[in-house]
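As structure tokens, the structure follows; a few thoughts come after it.
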Amino acid sequence: MTRLVILGGGVAGLSAWRRALALGCDVALVERCLRTGGLTRSIRVGGFVFDYTGHFLHLARTPHPGHLGAARGSWRKVARRAGCLVAGRVIPAPFQYHLGALPEPARSACVDGVQDLLARGAPVVPEPGEDLLSFFVRAFGAGVTDWFLRPYNEKLLATDLRSLNAARLNRFFPAPDPAAVRAGLVSGPGAAQGTGATYNATFWYPEDDGIGQLVDQLDPGLPHVPAEVTAVDLQRCVVLAGTRELPWDRLISTIPLPELLRACGGPWRGPADALTASGVVAFQLGVSGSPAPLLGDRHWLYVPDPDLAFFRVGCYSNVSACLAPRGCHSLYVEVGFSGAPPAPGPLADRVLTELVRAGLLADPGKVEVLLQHVIQPAYVRFDAGWDATAPAVLDRLAALGVHGAGRWGRWDYLGMEDVILEASSLVERVIGDPEGA
Ligand SMILES: Cc1cc2nc3c(=O)[nH]c(=O)nc-3n(C[C@H](O)[C@H](O)[C@H](O)COP(=O)(O)OP(=O)(O)OC[C@H]3O[C@@H](n4cnc5c(N)ncnc54)[C@H](O)[C@@H]3O)c2cc1C
């Protein structure tokens, strides 16, 4: 029987584990935390339920979340209520389809900038080798780039957008539909509400719980190996985790690819340094009273202003009232960084001050719970290092029976549905093909 070892117990690892058990495999899952679930866990503090920052299930290939693992609890399909906070005003998202609602001078700059694309008629696609910033200017116009795309993504990715490959990111930034841009030039009753579909226009969320319900659906309820993976011996086909040695015929790794490469040691360490990602400090706030009027009933706001530390602020309790005690609301606030995480105390002070300045928090004295988590890695950077390293190294590892899965194991920009489905089908390929998938 094929011995399978899975590294990492987030939703990707759990999905692989579940499938392997269903196929009758000899399988072990190694996870350094006592609780499985990775980034998809929920936390309960002081009557609030927080996720590890906003996690919303966008389904493109599955009819209902109940099809992902065992059916547990009930789910609700939600139409996104998102906005962009620009110069003190909230306009609906997507930004490029609501330019008429912008305050001046942003409105004139953005409208002037889209004249070329309106005349062109058809959306553009990235040129081979084109960098993300050049693509933004060509596809969305200079105004939309300067007022939204550049400052927002520089905060999220914490890097110079000229270093990123537009083609790899294009599915998240499809060039705008000229008809929807034209419709959005009108602000007021004729405005382009709901035009210009995006991948996240709807999402699913548990009816009575946080996103951690997804973990409960996937977790087979068996003990995992609770240890940190410290070494992977590719010659002996053994994983070292704590005091345990786990032999494998096939290995599925969902831990961050650079971490796996360093664990493999020797010549594998070099490629690890070529792979970079931004980090995110995620704040969770439980606040008494109603959300600030500027936030209203919205699920989240994109915040491009470079003078504000955060790039996104969301309201969990606007998604599901059960996530906060009666008379309270709950927020998540995301700050991107590069390199070492910023010092926690000063950053928390800055975030609270700037939430008030931006009109997103009425009174810091009403904050009952304030949590801070570092998510690192958070957003993989598709730069020259990625192009030169990630596909080749994943192929070389697969030839040795080591297969990357999940957002970090593939070192890609993947959501929960992608990683759950792909990890499950990877198990079928790996187990079904003893020569390797
Ligand atoms: C800021 C942010 C917002 C997001 N929002 C959404 C969203 O709204 N919708 C959506 O679909 N997706 C979203 N995602 C993506 C989503 O988080 C991922 O697709 C999903 O969580 C990936 O699951 P995973 O199992 O691949 O990784 P993880 O959940 O990160 O699991 C990896 C596991 O590996 C373990 N591990 C790591 N190193 C070791 C080691 N050396 N030894 C042992 N264990 C180890 C970790 O403890 C962790 O449990 C978001 C991601 C981020 C960063």
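Each chain of the structure tokens is named A, B, ... in the order shown, its residues numbered from 1; ligands are numbered from 1 in display order.
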Contacts to ligand 1 at 7 Å cut-off (only C-alpha atoms and all ligand atoms) as an MDAnalysis selection string: chainID A and resid 7:13 30:33 36:40 53:58 227:230 254:256 259 280 375 378:379 405:409 414:417 419
Let's have the selection written as an mmCIF file, in the first residue's frame, with C-alpha atoms.
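part25.cif, written as the output of this step:
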```cif
data_model
loop_
_atom_site.group_PDB
_atom_site.id
_atom_site.type_symbol
_atom_site.label_atom_id
_atom_site.label_comp_id
_atom_site.auth_asym_id
_atom_site.auth_seq_id
_atom_site.Cartn_x
_atom_site.Cartn_y
_atom_site.Cartn_z
ATOM 1 C CA LEU A 7 2.472 18.363 5.334
ATOM 2 C CA GLY A 8 0.191 21.124 6.692
ATOM 3 C CA GLY A 9 -3.363 20.870 8.015
ATOM 4 C CA GLY A 10 -5.106 23.871 6.438
ATOM 5 C CA VAL A 11 -8.074 23.231 4.162
ATOM 6 C CA ALA A 12 -5.778 21.931 1.387
ATOM 7 C CA GLY A 13 -4.077 19.376 3.660
ATOM 8 C CA VAL A 30 1.700 16.656 9.990
ATOM 9 C CA GLU A 31 0.534 20.026 11.327
ATOM 10 C CA ARG A 32 2.490 22.210 13.724
ATOM 11 C CA CYS A 33 -0.597 23.691 15.410
ATOM 12 C CA THR A 36 -6.117 22.089 12.170
ATOM 13 C CA GLY A 37 -7.574 24.581 9.680
ATOM 14 C CA GLY A 38 -4.673 26.974 9.029
ATOM 15 C CA LEU A 39 -5.895 30.341 7.768
ATOM 16 C CA THR A 40 -9.504 29.160 7.622
ATOM 17 C CA THR A 53 -9.171 38.126 8.570
ATOM 18 C CA GLY A 54 -12.114 38.158 6.147
ATOM 19 C CA HIS A 55 -12.497 34.752 4.507
ATOM 20 C CA PHE A 56 -15.435 34.436 2.111
ATOM 21 C CA LEU A 57 -16.096 31.357 0.045
ATOM 22 C CA HIS A 58 -16.351 32.249 -3.651
ATOM 23 C CA ALA A 227 4.782 18.730 15.065
ATOM 24 C CA GLU A 228 6.796 21.174 12.975
ATOM 25 C CA VAL A 229 8.358 19.748 9.816
ATOM 26 C CA THR A 230 12.074 20.459 10.188
ATOM 27 C CA THR A 254 0.938 22.341 1.617
ATOM 28 C CA ILE A 255 3.495 24.222 3.770
ATOM 29 C CA PRO A 256 5.043 27.287 2.095
ATOM 30 C CA GLU A 259 9.959 26.406 3.796
ATOM 31 C CA VAL A 280 -0.375 40.885 6.263
ATOM 32 C CA ILE A 375 -0.091 36.191 8.227
ATOM 33 C CA ALA A 378 0.088 36.304 2.528
ATOM 34 C CA TYR A 379 0.347 37.269 -1.161
ATOM 35 C CA ALA A 405 -0.733 21.564 -3.076
ATOM 36 C CA GLY A 406 -2.623 24.478 -1.548
ATOM 37 C CA ARG A 407 -1.927 28.192 -1.786
ATOM 38 C CA TRP A 408 1.579 27.915 -0.332
ATOM 39 C CA GLY A 409 2.570 24.476 -1.581
ATOM 40 C CA LEU A 414 -5.380 30.429 -4.802
ATOM 41 C CA GLY A 415 -8.655 30.701 -2.881
ATOM 42 C CA MET A 416 -10.280 28.124 -0.620
ATOM 43 C CA GLU A 417 -12.376 26.394 -3.289
ATOM 44 C CA VAL A 419 -7.122 24.474 -2.945
#
```
Mind checking which residues fall within 12 Å of Leu21 in chain A, counting only C-alpha atoms, ignoring those fewer than 6 positions away in the same chain, and posting them as a PyMOL selection string? chain A and resi 2-6+14-15+27-29+218-222+424+427-428+431
All residues 12 Å or closer to Trp268 in chain A, only C-alpha atoms, same chain fewer than 4 positions away omitted, as a ChimeraX atom specification: /A:231-234,257-264,272-274,389-390,392-394,396-397
Output N, CA and C atoms of each residue in that selection to a file, as a PDB file, in the first residue's frame.
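Output contents, as saved in selection-v7.pdb:
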```
ATOM      1  N   ALA A 231      12.815  18.780   8.567  1.00  0.00           N
ATOM      2  CA  ALA A 231      13.689  18.301   7.480  1.00  0.00           C
ATOM      3  C   ALA A 231      12.924  17.309   6.616  1.00  0.00           C
ATOM      4  N   VAL A 232      13.240  17.349   5.323  1.00  0.00           N
ATOM      5  CA  VAL A 232      12.691  16.362   4.389  1.00  0.00           C
ATOM      6  C   VAL A 232      13.893  15.730   3.688  1.00  0.00           C
ATOM      7  N   ASP A 233      14.105  14.435   3.951  1.00  0.00           N
ATOM      8  CA  ASP A 233      15.247  13.732   3.366  1.00  0.00           C
ATOM      9  C   ASP A 233      14.787  13.077   2.067  1.00  0.00           C
ATOM     10  N   LEU A 234      15.206  13.687   0.956  1.00  0.00           N
ATOM     11  CA  LEU A 234      14.715  13.221  -0.347  1.00  0.00           C
ATOM     12  C   LEU A 234      15.388  11.909  -0.766  1.00  0.00           C
ATOM     13  N   LEU A 257       6.221  26.815   0.030  1.00  0.00           N
ATOM     14  CA  LEU A 257       7.250  26.193  -0.812  1.00  0.00           C
ATOM     15  C   LEU A 257       8.667  26.558  -0.365  1.00  0.00           C
ATOM     16  N   PRO A 258       8.977  27.829  -0.047  1.00  0.00           N
ATOM     17  CA  PRO A 258      10.342  28.124   0.399  1.00  0.00           C
ATOM     18  C   PRO A 258      10.716  27.349   1.669  1.00  0.00           C
ATOM     19  N   GLU A 259       9.715  27.160   2.555  1.00  0.00           N
ATOM     20  CA  GLU A 259       9.959  26.406   3.796  1.00  0.00           C
ATOM     21  C   GLU A 259      10.276  24.944   3.475  1.00  0.00           C
ATOM     22  N   LEU A 260       9.524  24.371   2.524  1.00  0.00           N
ATOM     23  CA  LEU A 260       9.789  22.986   2.107  1.00  0.00           C
ATOM     24  C   LEU A 260      11.192  22.873   1.509  1.00  0.00           C
ATOM     25  N   LEU A 261      11.555  23.841   0.646  1.00  0.00           N
ATOM     26  CA  LEU A 261      12.866  23.766  -0.023  1.00  0.00           C
ATOM     27  C   LEU A 261      13.986  23.845   1.011  1.00  0.00           C
ATOM     28  N   ARG A 262      13.813  24.707   2.021  1.00  0.00           N
ATOM     29  CA  ARG A 262      14.853  24.810   3.067  1.00  0.00           C
ATOM     30  C   ARG A 262      14.914  23.512   3.863  1.00  0.00           C
ATOM     31  N   ALA A 263      13.749  22.883   4.081  1.00  0.00           N
ATOM     32  CA  ALA A 263      13.735  21.604   4.819  1.00  0.00           C
ATOM     33  C   ALA A 263      14.424  20.506   4.003  1.00  0.00           C
ATOM     34  N   CYS A 264      14.386  20.627   2.667  1.00  0.00           N
ATOM     35  CA  CYS A 264      15.051  19.625   1.818  1.00  0.00           C
ATOM     36  C   CYS A 264      16.570  19.812   1.864  1.00  0.00           C
ATOM     37  N   ALA A 272      14.841  28.683  -2.781  1.00  0.00           N
ATOM     38  CA  ALA A 272      13.910  29.211  -1.765  1.00  0.00           C
ATOM     39  C   ALA A 272      14.039  30.727  -1.660  1.00  0.00           C
ATOM     40  N   ASP A 273      15.282  31.241  -1.793  1.00  0.00           N
ATOM     41  CA  ASP A 273      15.494  32.683  -1.621  1.00  0.00           C
ATOM     42  C   ASP A 273      14.916  33.496  -2.772  1.00  0.00           C
ATOM     43  N   ALA A 274      14.648  32.825  -3.901  1.00  0.00           N
ATOM     44  CA  ALA A 274      14.119  33.558  -5.061  1.00  0.00           C
ATOM     45  C   ALA A 274      12.607  33.770  -4.961  1.00  0.00           C
ATOM     46  N   THR A 389      11.808  30.207 -11.032  1.00  0.00           N
ATOM     47  CA  THR A 389      11.985  29.181  -9.991  1.00  0.00           C
ATOM     48  C   THR A 389      10.780  28.271  -9.779  1.00  0.00           C
ATOM     49  N   ALA A 390       9.605  28.850  -9.536  1.00  0.00           N
ATOM     50  CA  ALA A 390       8.490  28.054  -9.008  1.00  0.00           C
ATOM     51  C   ALA A 390       8.086  26.888  -9.926  1.00  0.00           C
ATOM     52  N   ALA A 392       9.667  25.293 -12.286  1.00  0.00           N
ATOM     53  CA  ALA A 392      10.731  24.295 -12.473  1.00  0.00           C
ATOM     54  C   ALA A 392      10.942  23.478 -11.198  1.00  0.00           C
ATOM     55  N   VAL A 393      10.959  24.154 -10.061  1.00  0.00           N
ATOM     56  CA  VAL A 393      11.244  23.449  -8.815  1.00  0.00           C
ATOM     57  C   VAL A 393      10.076  22.512  -8.454  1.00  0.00           C
ATOM     58  N   LEU A 394       8.848  22.938  -8.741  1.00  0.00           N
ATOM     59  CA  LEU A 394       7.698  22.062  -8.475  1.00  0.00           C
ATOM     60  C   LEU A 394       7.754  20.814  -9.361  1.00  0.00           C
ATOM     61  N   ARG A 396      10.531  19.440 -10.584  1.00  0.00           N
ATOM     62  CA  ARG A 396      11.642  18.581 -10.120  1.00  0.00           C
ATOM     63  C   ARG A 396      11.239  17.816  -8.871  1.00  0.00           C
ATOM     64  N   LEU A 397      10.527  18.477  -7.969  1.00  0.00           N
ATOM     65  CA  LEU A 397      10.075  17.785  -6.749  1.00  0.00           C
ATOM     66  C   LEU A 397       9.064  16.687  -7.092  1.00  0.00           C
TER      67      LEU A 397
END
```
Using only C-alpha atoms: which of A:Asn318, A:Pro105, A:Leu275, A:Gly336 has the shortest distance to Asp412 in chain A: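 Among A:Asn318, A:Pro105, A:Leu275, A:Gly336, it is A:Leu275 that comes nearest to Asp412 in chain A.
Closest approach to Arg298 in chain A from the set A:Arg41, A:Arg19, A:Arg81, A:Arg168 is made by A:Arg81, with distances taken over only C-alpha atoms.
The closest residue to Gly69 in chain A, picked from A:Leu421, A:Val114, A:Leu251, A:Val281 and counting only C-alpha atoms, is A:Leu421.
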Gap from CA of Glu104 in chain A to CA of Val86 in chain A - Å, one decimal: 10.2 Å
Can you list, as a list of chain:residue names, every protein, DNA or RNA residue that comes within 9 Å of Ala142 in chain A when you count only C-alpha atoms, leaving out same-chain residues fewer than 5 positions away? A:Ala109, A:Cys110, A:Asp112, A:Gly113, A:Val114, A:Phe136, A:Val137, A:Trp147
Quick one: write out the picked residues with N, CA and C atoms as a CSV table (one decimal), in the first residue's frame?
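Okay, selection18.csv is ready:
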```csv
chain,number,residue,atom,x,y,z
A,109,ALA,N,-9.8,63.0,-13.3
A,109,ALA,CA,-8.5,62.3,-13.7
A,109,ALA,C,-8.9,60.9,-14.2
A,110,CYS,N,-9.8,60.2,-13.5
A,110,CYS,CA,-10.1,58.9,-13.9
A,110,CYS,C,-10.9,58.9,-15.2
A,112,ASP,N,-10.9,61.2,-17.7
A,112,ASP,CA,-10.0,61.5,-18.8
A,112,ASP,C,-9.2,60.3,-19.2
A,113,GLY,N,-8.7,59.6,-18.1
A,113,GLY,CA,-7.8,58.4,-18.4
A,113,GLY,C,-8.5,57.3,-19.1
A,114,VAL,N,-9.9,57.1,-19.0
A,114,VAL,CA,-10.5,56.0,-19.7
A,114,VAL,C,-11.0,56.3,-21.1
A,136,PHE,N,-1.7,48.1,-16.0
A,136,PHE,CA,-2.8,48.9,-15.4
A,136,PHE,C,-3.0,50.2,-16.2
A,137,VAL,N,-2.0,50.9,-16.5
A,137,VAL,CA,-2.1,52.2,-17.2
A,137,VAL,C,-2.7,51.9,-18.6
A,147,TRP,N,-5.3,56.6,-8.8
A,147,TRP,CA,-6.2,56.8,-7.7
A,147,TRP,C,-6.6,55.5,-7.0
```
Write down as a PyMOL selection string the residues belonging to range 33-220 of chain A that are assigned strand (DSSP E) by DSSP computed on the backbone. chain A and resi 42-45+48-51+75-79+82-86+89-92+202-206
Go ahead and save the residues from that selection, with C-alpha atoms, as a PDB file, in the first residue's frame.
```pdb
ATOM      1  CA  SER A  42     -12.322  30.921  13.407  1.00  0.00           C
ATOM      2  CA  ILE A  43     -11.562  32.285  16.872  1.00  0.00           C
ATOM      3  CA  ARG A  44     -14.092  32.919  19.689  1.00  0.00           C
ATOM      4  CA  VAL A  45     -13.299  35.772  22.093  1.00  0.00           C
ATOM      5  CA  PHE A  48     -17.332  37.541  19.137  1.00  0.00           C
ATOM      6  CA  VAL A  49     -16.447  35.049  16.395  1.00  0.00           C
ATOM      7  CA  PHE A  50     -13.517  36.257  14.277  1.00  0.00           C
ATOM      8  CA  ASP A  51     -11.934  34.639  11.238  1.00  0.00           C
ATOM      9  CA  TRP A  75     -24.674  28.108   4.367  1.00  0.00           C
ATOM     10  CA  ARG A  76     -26.044  31.328   2.884  1.00  0.00           C
ATOM     11  CA  LYS A  77     -25.252  32.835  -0.493  1.00  0.00           C
ATOM     12  CA  VAL A  78     -24.501  36.528  -0.111  1.00  0.00           C
ATOM     13  CA  ALA A  79     -24.342  39.303  -2.710  1.00  0.00           C
ATOM     14  CA  ALA A  82     -18.253  46.324  -1.056  1.00  0.00           C
ATOM     15  CA  GLY A  83     -17.004  49.825  -1.655  1.00  0.00           C
ATOM     16  CA  CYS A  84     -13.859  51.853  -2.242  1.00  0.00           C
ATOM     17  CA  LEU A  85     -12.991  54.654   0.173  1.00  0.00           C
ATOM     18  CA  VAL A  86     -11.605  57.557  -1.853  1.00  0.00           C
ATOM     19  CA  ARG A  89     -16.291  59.171   0.087  1.00  0.00           C
ATOM     20  CA  VAL A  90     -17.338  55.543  -0.440  1.00  0.00           C
ATOM     21  CA  ILE A  91     -18.101  54.561  -4.032  1.00  0.00           C
ATOM     22  CA  PRO A  92     -19.340  51.078  -4.948  1.00  0.00           C
ATOM     23  CA  THR A 202     -21.136  36.742  -4.535  1.00  0.00           C
ATOM     24  CA  PHE A 203     -19.851  34.492  -1.801  1.00  0.00           C
ATOM     25  CA  TRP A 204     -21.032  31.823   0.620  1.00  0.00           C
ATOM     26  CA  TYR A 205     -20.800  32.106   4.384  1.00  0.00           C
ATOM     27  CA  PRO A 206     -22.042  29.863   7.225  1.00  0.00           C
TER      28      PRO A 206
END
```
